[in-house]
file target.csv (CSV, C-alpha atoms)
chain,number,residue,atom,x,y,z
A,10,MET,CA,104.3,216.0,196.7
A,11,SER,CA,100.9,217.6,196.1
A,12,PRO,CA,98.7,215.7,193.6
A,13,GLY,CA,97.7,219.0,192.1
A,14,PRO,CA,94.3,220.5,191.6
A,15,VAL,CA,91.3,218.5,190.3
A,16,LEU,CA,90.3,220.2,187.1
A,17,THR,CA,87.4,218.1,185.9
A,18,TYR,CA,85.7,215.7,188.4
A,19,LEU,CA,83.5,213.2,186.5
A,20,ASP,CA,83.3,210.4,189.1
A,21,HIS,CA,80.2,211.5,191.0
A,22,ALA,CA,78.8,207.9,191.0
A,23,ALA,CA,81.8,207.0,193.2
A,24,THR,CA,81.4,209.9,195.6
A,25,THR,CA,80.1,213.4,195.1
A,26,PRO,CA,81.4,216.6,196.8
A,27,MET,CA,79.6,217.4,200.1
A,28,ARG,CA,76.9,220.1,200.1
A,29,PRO,CA,78.0,223.1,202.2
A,30,GLU,CA,74.8,222.7,204.2
A,31,ALA,CA,75.8,219.2,205.2
A,32,LEU,CA,79.2,220.3,206.4
A,33,ASP,CA,77.7,223.2,208.3
A,34,ALA,CA,75.2,220.9,210.0
A,35,MET,CA,77.9,218.4,211.0
A,36,LEU,CA,80.5,220.8,212.5
A,37,PRO,CA,78.8,221.3,215.9
A,38,PHE,CA,78.6,217.5,216.4
A,39,LEU,CA,82.3,217.2,215.6
A,40,THR,CA,83.3,219.7,218.3
A,41,ASP,CA,81.2,220.8,221.3
A,42,ARG,CA,78.0,218.7,220.7
A,43,PHE,CA,79.7,215.4,221.3
A,44,GLY,CA,77.1,213.5,223.3
A,45,ASN,CA,76.3,209.8,222.8
A,46,PRO,CA,72.6,209.6,221.9
A,47,SER,CA,72.3,206.4,223.9
A,48,GLY,CA,73.0,208.2,227.2
A,49,SER,CA,70.6,210.0,229.6
A,50,HIS,CA,72.3,213.3,230.5
A,51,ARG,CA,71.7,216.6,228.7
A,52,PRO,CA,74.4,216.3,226.0
A,53,ALA,CA,73.2,212.8,225.2
A,54,ARG,CA,69.6,213.9,225.0
A,55,ALA,CA,70.6,216.7,222.6
A,56,ALA,CA,72.4,214.2,220.4
A,57,ARG,CA,69.4,211.9,220.4
A,58,ARG,CA,67.1,214.8,219.4
A,59,ALA,CA,69.4,215.6,216.5
A,60,VAL,CA,69.3,211.9,215.3
A,61,ASP,CA,65.5,211.9,215.7
A,62,ASP,CA,65.2,215.1,213.6
A,63,ALA,CA,67.4,213.6,210.9
A,64,ARG,CA,65.3,210.5,211.0
A,65,ASP,CA,62.2,212.5,210.2
A,66,VAL,CA,63.9,214.2,207.3
A,67,MET,CA,65.1,210.9,205.8
A,68,ALA,CA,61.7,209.3,206.3
A,69,GLU,CA,60.0,212.1,204.4
A,70,ALA,CA,62.6,211.8,201.6
A,71,LEU,CA,62.2,208.0,201.4
A,72,GLY,CA,58.5,207.8,201.7
A,73,CYS,CA,58.3,205.9,205.0
A,74,GLU,CA,57.6,206.3,208.7
A,75,PRO,CA,60.5,207.6,210.9
A,76,GLY,CA,60.5,204.3,212.8
A,77,GLU,CA,61.2,202.5,209.6
A,78,VAL,CA,64.5,204.2,209.0
A,79,VAL,CA,67.6,202.3,210.2
A,80,PHE,CA,70.8,204.3,210.0
A,81,THR,CA,73.9,202.3,208.8
A,82,SER,CA,77.5,202.9,207.9
A,83,GLY,CA,76.6,203.2,204.2
A,84,GLY,CA,75.1,201.4,201.2
A,85,THR,CA,77.1,198.3,201.6
A,86,GLU,CA,76.0,197.6,205.1
A,87,ALA,CA,72.4,198.4,204.2
A,88,ASP,CA,72.5,196.0,201.2
A,89,ASN,CA,74.2,193.2,203.3
A,90,THR,CA,71.7,193.7,206.1
A,91,ALA,CA,68.7,193.5,203.7
A,92,VAL,CA,69.8,190.2,202.1
A,93,ALA,CA,71.4,188.4,205.1
A,94,GLY,CA,68.7,189.7,207.5
A,95,ALA,CA,65.8,188.5,205.4
A,96,LEU,CA,67.4,185.1,204.9
A,97,ALA,CA,68.1,184.7,208.6
A,98,CYS,CA,64.4,185.0,209.4
A,99,ARG,CA,63.6,182.1,207.2
A,100,PRO,CA,66.2,179.2,207.6
A,101,GLY,CA,66.7,177.3,204.4
A,102,SER,CA,65.3,180.1,202.3
A,103,VAL,CA,66.9,181.5,199.1
A,104,ALA,CA,67.8,185.0,197.9
A,105,VAL,CA,67.4,186.1,194.2
A,106,ALA,CA,69.1,188.9,192.4
A,107,PRO,CA,70.0,190.0,188.9
A,108,ALA,CA,73.6,189.3,187.8
A,109,ALA,CA,74.2,193.1,187.3
A,110,GLU,CA,73.6,194.1,190.9
A,111,HIS,CA,76.3,195.9,193.0
A,112,GLN,CA,78.7,193.6,194.7
A,113,ALA,CA,77.2,194.6,198.0
A,114,VAL,CA,74.2,192.6,197.0
A,115,LEU,CA,75.8,189.9,194.9
A,116,ALA,CA,78.3,188.9,197.6
A,117,PRO,CA,75.8,188.0,200.3
A,118,VAL,CA,73.5,186.4,197.7
A,119,GLU,CA,76.3,184.2,196.4
A,120,ALA,CA,77.6,183.5,200.0
A,121,ALA,CA,74.1,182.1,200.8
A,122,ALA,CA,74.0,180.0,197.6
A,123,GLY,CA,71.3,182.2,196.2
A,124,ARG,CA,70.2,182.5,192.6
A,125,LEU,CA,71.5,185.0,190.1
A,126,VAL,CA,69.2,185.8,187.1
A,127,GLY,CA,69.8,187.3,183.7
A,128,VAL,CA,69.6,190.9,182.5
A,129,ASP,CA,68.9,192.4,179.1
A,130,GLY,CA,71.4,194.4,177.0
A,131,THR,CA,70.7,197.6,179.0
A,132,GLY,CA,71.3,196.0,182.4
A,133,ARG,CA,67.6,195.6,183.5
A,134,VAL,CA,66.4,192.3,185.0
A,135,ASP,CA,65.0,189.8,182.5
A,136,HIS,CA,61.5,189.0,183.5
A,137,ASP,CA,61.5,185.5,182.2
A,138,SER,CA,64.7,184.7,184.0
A,139,LEU,CA,63.4,186.2,187.2
A,140,SER,CA,60.1,184.4,187.0
A,141,ALA,CA,61.9,181.1,186.6
A,142,ALA,CA,64.1,181.7,189.7
A,143,LEU,CA,61.2,182.5,192.0
A,144,GLY,CA,59.3,180.1,194.2
A,145,PRO,CA,57.9,179.5,197.7
A,146,ASP,CA,61.5,179.0,199.0
A,147,VAL,CA,62.5,182.6,198.2
A,148,ALA,CA,62.8,185.0,201.1
A,149,VAL,CA,64.2,188.1,199.5
A,150,VAL,CA,64.5,189.4,195.9
A,151,SER,CA,66.9,192.3,195.4
A,152,VAL,CA,66.6,194.5,192.3
A,153,MET,CA,68.4,197.8,192.1
A,154,LEU,CA,66.5,200.9,191.2
A,155,ALA,CA,69.3,202.4,189.1
A,156,ASN,CA,72.4,200.6,188.0
A,157,ASN,CA,75.6,201.9,189.5
A,158,GLU,CA,77.7,201.5,186.4
A,159,VAL,CA,75.5,202.2,183.3
A,160,GLY,CA,72.8,204.2,185.0
A,161,THR,CA,69.7,202.4,183.7
A,162,VAL,CA,66.5,202.6,185.8
A,163,THR,CA,64.4,199.5,186.5
A,164,PRO,CA,60.7,200.1,186.9
A,165,LEU,CA,60.0,198.2,190.1
A,166,GLU,CA,56.3,197.9,189.5
A,167,GLU,CA,56.8,195.1,187.0
A,168,VAL,CA,59.1,193.3,189.4
A,169,VAL,CA,56.6,193.5,192.2
A,170,VAL,CA,53.9,191.8,190.1
A,171,LEU,CA,56.3,188.9,189.3
A,172,VAL,CA,57.4,188.5,192.9
A,173,ALA,CA,53.8,188.6,194.2
A,174,GLU,CA,52.8,185.9,191.6
A,175,HIS,CA,55.7,183.5,192.0
A,176,ALA,CA,57.1,184.2,195.5
A,177,PRO,CA,54.4,185.8,197.5
A,178,GLY,CA,56.3,185.2,200.8
A,179,ALA,CA,59.4,187.1,199.6
A,180,VAL,CA,60.3,190.7,200.5
A,181,LEU,CA,61.5,193.0,197.7
A,182,HIS,CA,64.7,194.9,198.4
A,183,THR,CA,66.0,197.7,196.2
A,184,ASP,CA,69.4,199.2,196.2
A,185,ALA,CA,68.5,202.9,195.6
A,186,VAL,CA,72.0,204.2,196.2
A,187,GLN,CA,72.5,205.5,192.7
A,188,ALA,CA,68.9,206.4,192.2
A,189,PHE,CA,68.4,208.8,195.1
A,190,PRO,CA,70.4,211.8,193.7
A,191,TRP,CA,68.2,211.7,190.6
A,192,LEU,CA,64.8,210.2,191.3
A,193,ASP,CA,62.1,210.8,193.8
A,194,VAL,CA,62.7,207.5,195.6
A,195,ALA,CA,59.5,207.7,197.7
A,196,PRO,CA,57.1,206.8,194.9
A,197,ALA,CA,59.7,204.9,192.8
A,198,ALA,CA,60.5,202.4,195.6
A,199,ALA,CA,57.1,202.5,197.4
A,200,ALA,CA,56.5,198.8,196.7
A,201,ALA,CA,59.8,197.7,198.1
A,202,GLY,CA,59.9,196.4,201.7
A,203,LEU,CA,63.6,197.2,202.0
A,204,VAL,CA,65.4,200.3,200.5
A,205,SER,CA,69.1,201.2,200.7
A,206,VAL,CA,70.7,204.6,200.3
A,207,SER,CA,74.1,206.1,201.0
A,208,ALA,CA,74.8,209.7,201.9
A,209,HIS,CA,78.0,210.3,200.0
A,210,LYS,CA,76.3,209.8,196.7
A,211,PHE,CA,74.0,212.8,197.1
A,212,GLY,CA,76.2,215.4,198.9
A,213,GLY,CA,76.4,214.0,202.4
A,214,PRO,CA,79.4,212.6,204.2
A,215,GLN,CA,81.1,209.2,203.5
A,216,GLY,CA,80.5,206.4,206.0
A,217,VAL,CA,76.7,206.8,206.7
A,218,GLY,CA,73.6,205.5,205.0
A,219,ALA,CA,70.1,204.2,205.7
A,220,LEU,CA,68.0,201.1,205.2
A,221,VAL,CA,64.2,201.4,205.1
A,222,VAL,CA,62.7,198.5,206.9
A,223,ARG,CA,58.9,198.8,206.4
A,224,ARG,CA,56.5,197.8,209.1
A,225,GLY,CA,55.8,194.1,209.1
A,226,VAL,CA,59.1,193.1,207.3
A,227,ALA,CA,61.0,190.5,209.3
A,228,LEU,CA,64.7,191.3,209.4
A,229,ALA,CA,67.4,189.9,211.6
A,230,PRO,CA,70.2,192.4,212.6
A,231,LEU,CA,73.6,192.1,211.0
A,232,LEU,CA,75.2,193.9,214.0
A,233,ARG,CA,74.3,193.0,217.5
A,234,GLY,CA,75.2,194.4,220.9
A,235,GLY,CA,73.9,197.7,222.1
A,236,GLY,CA,70.3,197.4,220.7
A,237,GLN,CA,70.4,200.8,218.9
A,238,GLU,CA,68.0,201.4,216.0
A,239,ARG,CA,65.3,199.4,217.7
A,240,ASP,CA,67.5,196.3,217.9
A,241,ARG,CA,68.0,196.4,214.1
A,242,ARG,CA,71.5,197.8,214.0
A,243,SER,CA,73.6,198.0,217.1
A,244,GLY,CA,76.5,200.4,217.5
A,245,THR,CA,76.9,204.0,218.7
A,246,SER,CA,75.2,206.4,216.2
A,247,ASN,CA,77.3,208.4,213.9
A,248,VAL,CA,75.5,211.6,215.0
A,249,ALA,CA,77.5,214.0,212.8
A,250,GLY,CA,77.2,211.8,209.8
A,251,ILE,CA,73.5,211.2,210.3
A,252,VAL,CA,72.9,215.0,210.7
A,253,GLY,CA,75.0,215.7,207.6
A,254,MET,CA,73.1,213.1,205.5
A,255,ALA,CA,69.8,214.6,206.5
A,256,ALA,CA,71.0,218.1,205.6
A,257,ALA,CA,72.1,217.0,202.2
A,258,ALA,CA,68.8,215.1,201.6
A,259,ARG,CA,66.9,218.3,202.6
A,260,VAL,CA,68.7,220.4,200.0
A,261,LEU,CA,68.4,217.7,197.4
A,262,GLN,CA,64.7,217.5,197.8
A,263,GLY,CA,64.5,221.2,197.1
A,264,ASP,CA,66.7,221.4,194.0
A,265,ARG,CA,66.6,217.9,192.5
A,266,SER,CA,64.4,218.9,189.5
A,267,GLU,CA,66.7,221.8,188.6
A,268,VAL,CA,69.8,219.7,189.0
A,269,VAL,CA,68.4,216.8,186.9
A,270,ALA,CA,67.4,219.1,184.1
A,271,ARG,CA,70.7,220.9,184.1
A,272,VAL,CA,73.0,217.9,184.5
A,273,GLY,CA,70.9,215.8,182.0
A,274,ALA,CA,71.5,218.4,179.3
A,275,LEU,CA,75.3,218.4,180.2
A,276,ARG,CA,75.4,214.6,180.0
A,277,ASP,CA,73.7,214.6,176.6
A,278,ARG,CA,76.2,217.1,175.3
A,279,LEU,CA,79.1,215.1,176.6
A,280,ALA,CA,77.8,211.7,175.3
A,281,ASP,CA,76.8,213.0,171.9
A,282,GLY,CA,80.0,214.9,171.6
A,283,LEU,CA,82.2,211.8,172.3
A,284,LEU,CA,80.1,209.5,170.1
A,285,ALA,CA,80.6,212.0,167.2
A,286,ALA,CA,84.3,212.7,167.9
A,287,VAL,CA,85.5,209.1,168.5
A,288,PRO,CA,84.8,206.4,166.0
A,289,GLY,CA,84.3,202.9,167.4
A,290,THR,CA,82.4,204.1,170.4
A,291,VAL,CA,79.4,202.4,171.9
A,292,GLU,CA,77.0,203.9,174.5
A,293,THR,CA,75.8,201.4,177.1
A,294,GLY,CA,72.4,201.3,178.8
A,295,VAL,CA,70.5,202.2,175.6
A,296,GLY,CA,69.1,200.1,172.9
A,297,GLY,CA,66.3,197.6,172.1
A,298,ALA,CA,63.1,198.6,174.0
A,299,TRP,CA,65.1,201.5,175.6
A,300,PRO,CA,66.5,203.4,172.6
A,301,ASN,CA,67.2,206.7,174.3
A,302,ARG,CA,68.5,208.1,177.6
A,303,ASP,CA,65.1,208.8,179.2
A,304,HIS,CA,65.5,205.6,181.2
A,305,LYS,CA,68.9,206.4,182.6
A,306,VAL,CA,69.7,208.6,185.5
A,307,ALA,CA,70.7,212.1,184.4
A,308,GLY,CA,74.3,211.9,185.6
A,309,SER,CA,75.3,208.7,183.8
A,310,CYS,CA,77.5,208.7,180.7
A,311,HIS,CA,78.9,205.3,180.1
A,312,LEU,CA,80.8,204.4,176.9
A,313,CYS,CA,83.0,201.6,175.6
A,314,PHE,CA,85.8,202.4,173.2
A,315,ASP,CA,87.1,199.8,170.8
A,316,ASP,CA,90.8,199.0,170.7
A,317,VAL,CA,91.4,200.8,174.1
A,318,GLU,CA,92.3,199.4,177.5
A,319,ALA,CA,90.4,201.2,180.3
A,320,GLU,CA,93.3,201.2,182.7
A,321,ALA,CA,95.6,203.0,180.2
A,322,LEU,CA,92.8,205.4,179.3
A,323,LEU,CA,92.1,206.3,182.9
A,324,PHE,CA,95.8,207.0,183.4
A,325,LEU,CA,96.0,209.5,180.5
A,326,LEU,CA,92.7,211.2,181.7
A,327,ASP,CA,94.1,211.6,185.2
A,328,GLN,CA,97.2,213.1,183.8
A,329,ALA,CA,95.1,215.6,181.9
A,330,GLY,CA,93.0,216.5,184.9
A,331,VAL,CA,89.9,214.4,184.2
A,332,CYS,CA,88.7,212.1,187.1
A,333,ALA,CA,86.6,209.1,185.9
A,334,SER,CA,86.4,205.4,186.4
A,335,ALA,CA,86.0,202.2,184.4
A,336,ALA,CA,83.4,200.4,186.5
A,337,SER,CA,82.0,200.5,190.0
A,338,SER,CA,84.4,202.4,192.3
A,339,CYS,CA,84.3,199.4,194.6
A,340,ALA,CA,85.8,197.3,191.8
A,341,SER,CA,88.6,199.8,190.8
A,342,GLY,CA,91.9,198.2,190.2
A,343,ALA,CA,90.4,194.9,189.2
A,344,ALA,CA,92.0,193.3,186.1
A,345,GLU,CA,88.7,191.7,185.0
A,346,PRO,CA,86.2,193.6,182.9
A,347,SER,CA,83.0,194.8,184.6
A,348,HIS,CA,80.6,192.0,185.8
A,349,VAL,CA,77.8,194.3,184.8
A,350,LEU,CA,78.9,194.5,181.2
A,351,ALA,CA,79.5,190.8,181.2
A,352,ALA,CA,75.9,190.2,182.4
A,353,MET,CA,74.6,192.5,179.7
A,354,GLY,CA,76.3,190.2,177.1
A,355,MET,CA,78.9,192.7,176.0
A,356,ASP,CA,82.0,191.3,174.2
A,357,ARG,CA,84.9,191.0,176.6
A,358,ALA,CA,87.3,193.0,174.4
A,359,ARG,CA,84.8,195.8,174.0
A,360,ALA,CA,84.0,195.8,177.7
A,361,GLY,CA,87.7,196.2,178.4
A,362,GLY,CA,87.5,199.7,177.0
A,363,SER,CA,84.7,200.9,179.2
A,364,LEU,CA,84.6,204.4,180.7
A,365,ARG,CA,82.2,205.7,183.3
A,366,LEU,CA,81.9,209.5,183.2
A,367,SER,CA,79.4,210.4,186.0
A,368,LEU,CA,78.2,213.9,186.4
A,369,GLY,CA,76.8,215.5,189.6
A,370,TRP,CA,75.5,218.7,191.2
A,371,THR,CA,78.8,220.5,190.8
A,372,THR,CA,79.4,219.7,187.1
A,373,THR,CA,79.7,222.6,184.8
A,374,GLU,CA,79.8,223.4,181.1
A,375,ALA,CA,83.6,223.9,181.5
A,376,ASP,CA,83.9,220.3,182.8
A,377,VAL,CA,82.1,219.0,179.7
A,378,ASP,CA,84.3,221.2,177.4
A,379,HIS,CA,87.4,219.8,179.0
A,380,ALA,CA,86.3,216.2,178.7
A,381,LEU,CA,85.3,216.7,175.1
A,382,THR,CA,88.9,217.8,174.4
A,383,VAL,CA,90.8,215.3,176.6
A,384,VAL,CA,89.0,212.1,176.0
A,385,PRO,CA,89.1,211.9,172.2
A,386,ALA,CA,92.8,212.9,172.3
A,387,ALA,CA,93.6,210.1,174.9
A,388,VAL,CA,91.7,207.5,172.9
A,389,ALA,CA,93.5,208.5,169.7
A,390,ARG,CA,96.9,208.3,171.4
A,391,LEU,CA,96.2,204.8,172.8
A,392,ARG,CA,95.0,203.6,169.4
A,393,GLN,CA,98.0,205.0,167.7
A,394,ALA,CA,100.3,203.2,170.1
A,395,ARG,CA,98.7,199.9,169.1
A,396,LEU,CA,99.7,200.3,165.5

call {"tool": "encode", "arguments": {"input": "target.csv", "output": "structure tokens"}}
result
Amino acid sequence: MSPGPVLTYLDHAATTPMRPEALDAMLPFLTDRFGNPSGSHRPARAARRAVDDARDVMAEALGCEPGEVVFTSGGTEADNTAVAGALACRPGSVAVAPAAEHQAVLAPVEAAAGRLVGVDGTGRVDHDSLSAALGPDVAVVSVMLANNEVGTVTPLEEVVVLVAEHAPGAVLHTDAVQAFPWLDVAPAAAAAGLVSVSAHKFGGPQGVGALVVRRGVALAPLLRGGGQERDRRSGTSNVAGIVGMAAAARVLQGDRSEVVARVGALRDRLADGLLAAVPGTVETGVGGAWPNRDHKVAGSCHLCFDDVEAEALLFLLDQAGVCASAASSCASGAAEPSHVLAAMGMDRARAGGSLRLSLGWTTTEADVDHALTVVPAAVARLRQARL
């Protein structure tokens, strides 16, 4: 049975539709241009040139040298490599990360008995907590540029100062997966020695990403064998995926400002409309020293509804043709409330009613209109059922 058409897609933080330019760029490498770039014959050399050209594009977009770009299978591999690879170069060293990081960072940090530090009520790292966790034994500090659930942006310049003062031998890694579609990562992450991105968050294909490893940063490979990517990531290159990622990045670099302005206005209309229409609603990622949405990425609308269970809400929204999520897509189906909201100090009951509506480059006024009709009705229905 067909699942039916998707009427309103508001889950771009999970994955966003591919840019047509990315698909067009990939197709030849999925058909007649099938060479392995590690080979020496003509088709192999053509594939290698395509990978090299893509590396140039990604280097420009990320503000690094082409030789500093390491292609990976996505953001998770890039994050894992950054943490585990930095630790492997300093036996007995420690990794430090905020408790609101993506699980792709938290899992390797915790597996290595690292230190998790606190965040404030918007999800940004707490400077006092970070300072207390730093020391000469720290090899890597990982602080995401934009939170994958609530969308808050962390100014890395302040983090760099703390790391330089308290752990001068540590490398700073930033997970820029959610930031790249909305921010010019080149200047925003210029101080980070390691930077992760993932293609399917900005209009490229799933299953490909990149890790910036700046010159002079010591990093042991996570994958060993063929010696590809200058011995930093072995395995046959995903040529079609790499080419598609670069094509999407090229288009994004050209229209990011327009998309941010347009989508930001749509996000504000959606958030303001739901806050006005649904009593007992709290917007996350704002408050305290960050009272407005200027410090969130343009596509993020994250709300918590009192007296509502997220799982039931998502079911009703799906029935009504609205695609959304409750937390990180990587944690979908989990019975526990979001670890991000828990780290932010949100009450467990309120966190259980979270809804992540994430907009993207294809979002329209009609999408917002539909959500403004469907979401309040679904919340009212669930609350009525509790009476």

call {"tool": "residues_around", "arguments": {"input": "target.csv", "residues": "Ser151 of chain A", "least_positions_apart": "2", "cutoff": "12 Å", "atoms": "all atoms listed in the file", "output": "NGL selection string"}}
result
:A and (88-93 or 95-96 or 103-115 or 117-118 or 123-126 or 134 or 139 or 143 or 147-149 or 153-154 or 163 or 165 or 168-169 or 172 or 179-185 or 198 or 201-205)

call {"tool": "atom_distance", "arguments": {"input": "target.csv", "atom1": "atom CA of Leu32 of chain A", "atom2": "atom CA of Phe80 of chain A"}}
result
18.4 Å

call {"tool": "closest_residue", "arguments": {"input": "target.csv", "among": "A:Glu158, A:Asp61, A:Asp240, A:Asp146", "to": "Ala22 of chain A", "atoms": "all atoms listed in the file"}}
result
A:Glu158

call {"tool": "residues_around", "arguments": {"input": "target.csv", "residues": "Val260 of chain A", "least_positions_apart": "4", "cutoff": "8 Å", "atoms": "all atoms listed in the file", "output": "PDB file with C-alpha atoms, in the frame of the given file"}}
result
ATOM      1  CA  GLU A  30      74.800 222.700 204.200  1.00  0.00           C
ATOM      2  CA  ALA A 256      71.000 218.100 205.600  1.00  0.00           C
ATOM      3  CA  ASP A 264      66.700 221.400 194.000  1.00  0.00           C
TER       4      ASP A 264
END

call {"tool": "atom_distance", "arguments": {"input": "target.csv", "atom1": "atom CA of Asp277 of chain A", "atom2": "atom CA of Glu374 of chain A"}}
result
11.6 Å

call {"tool": "closest_residue", "arguments": {"input": "target.csv", "among": "A:Ala298, A:Val79, A:Val66, A:Ala176", "to": "Val252 of chain A", "atoms": "all atoms listed in the file"}}
result
A:Val66
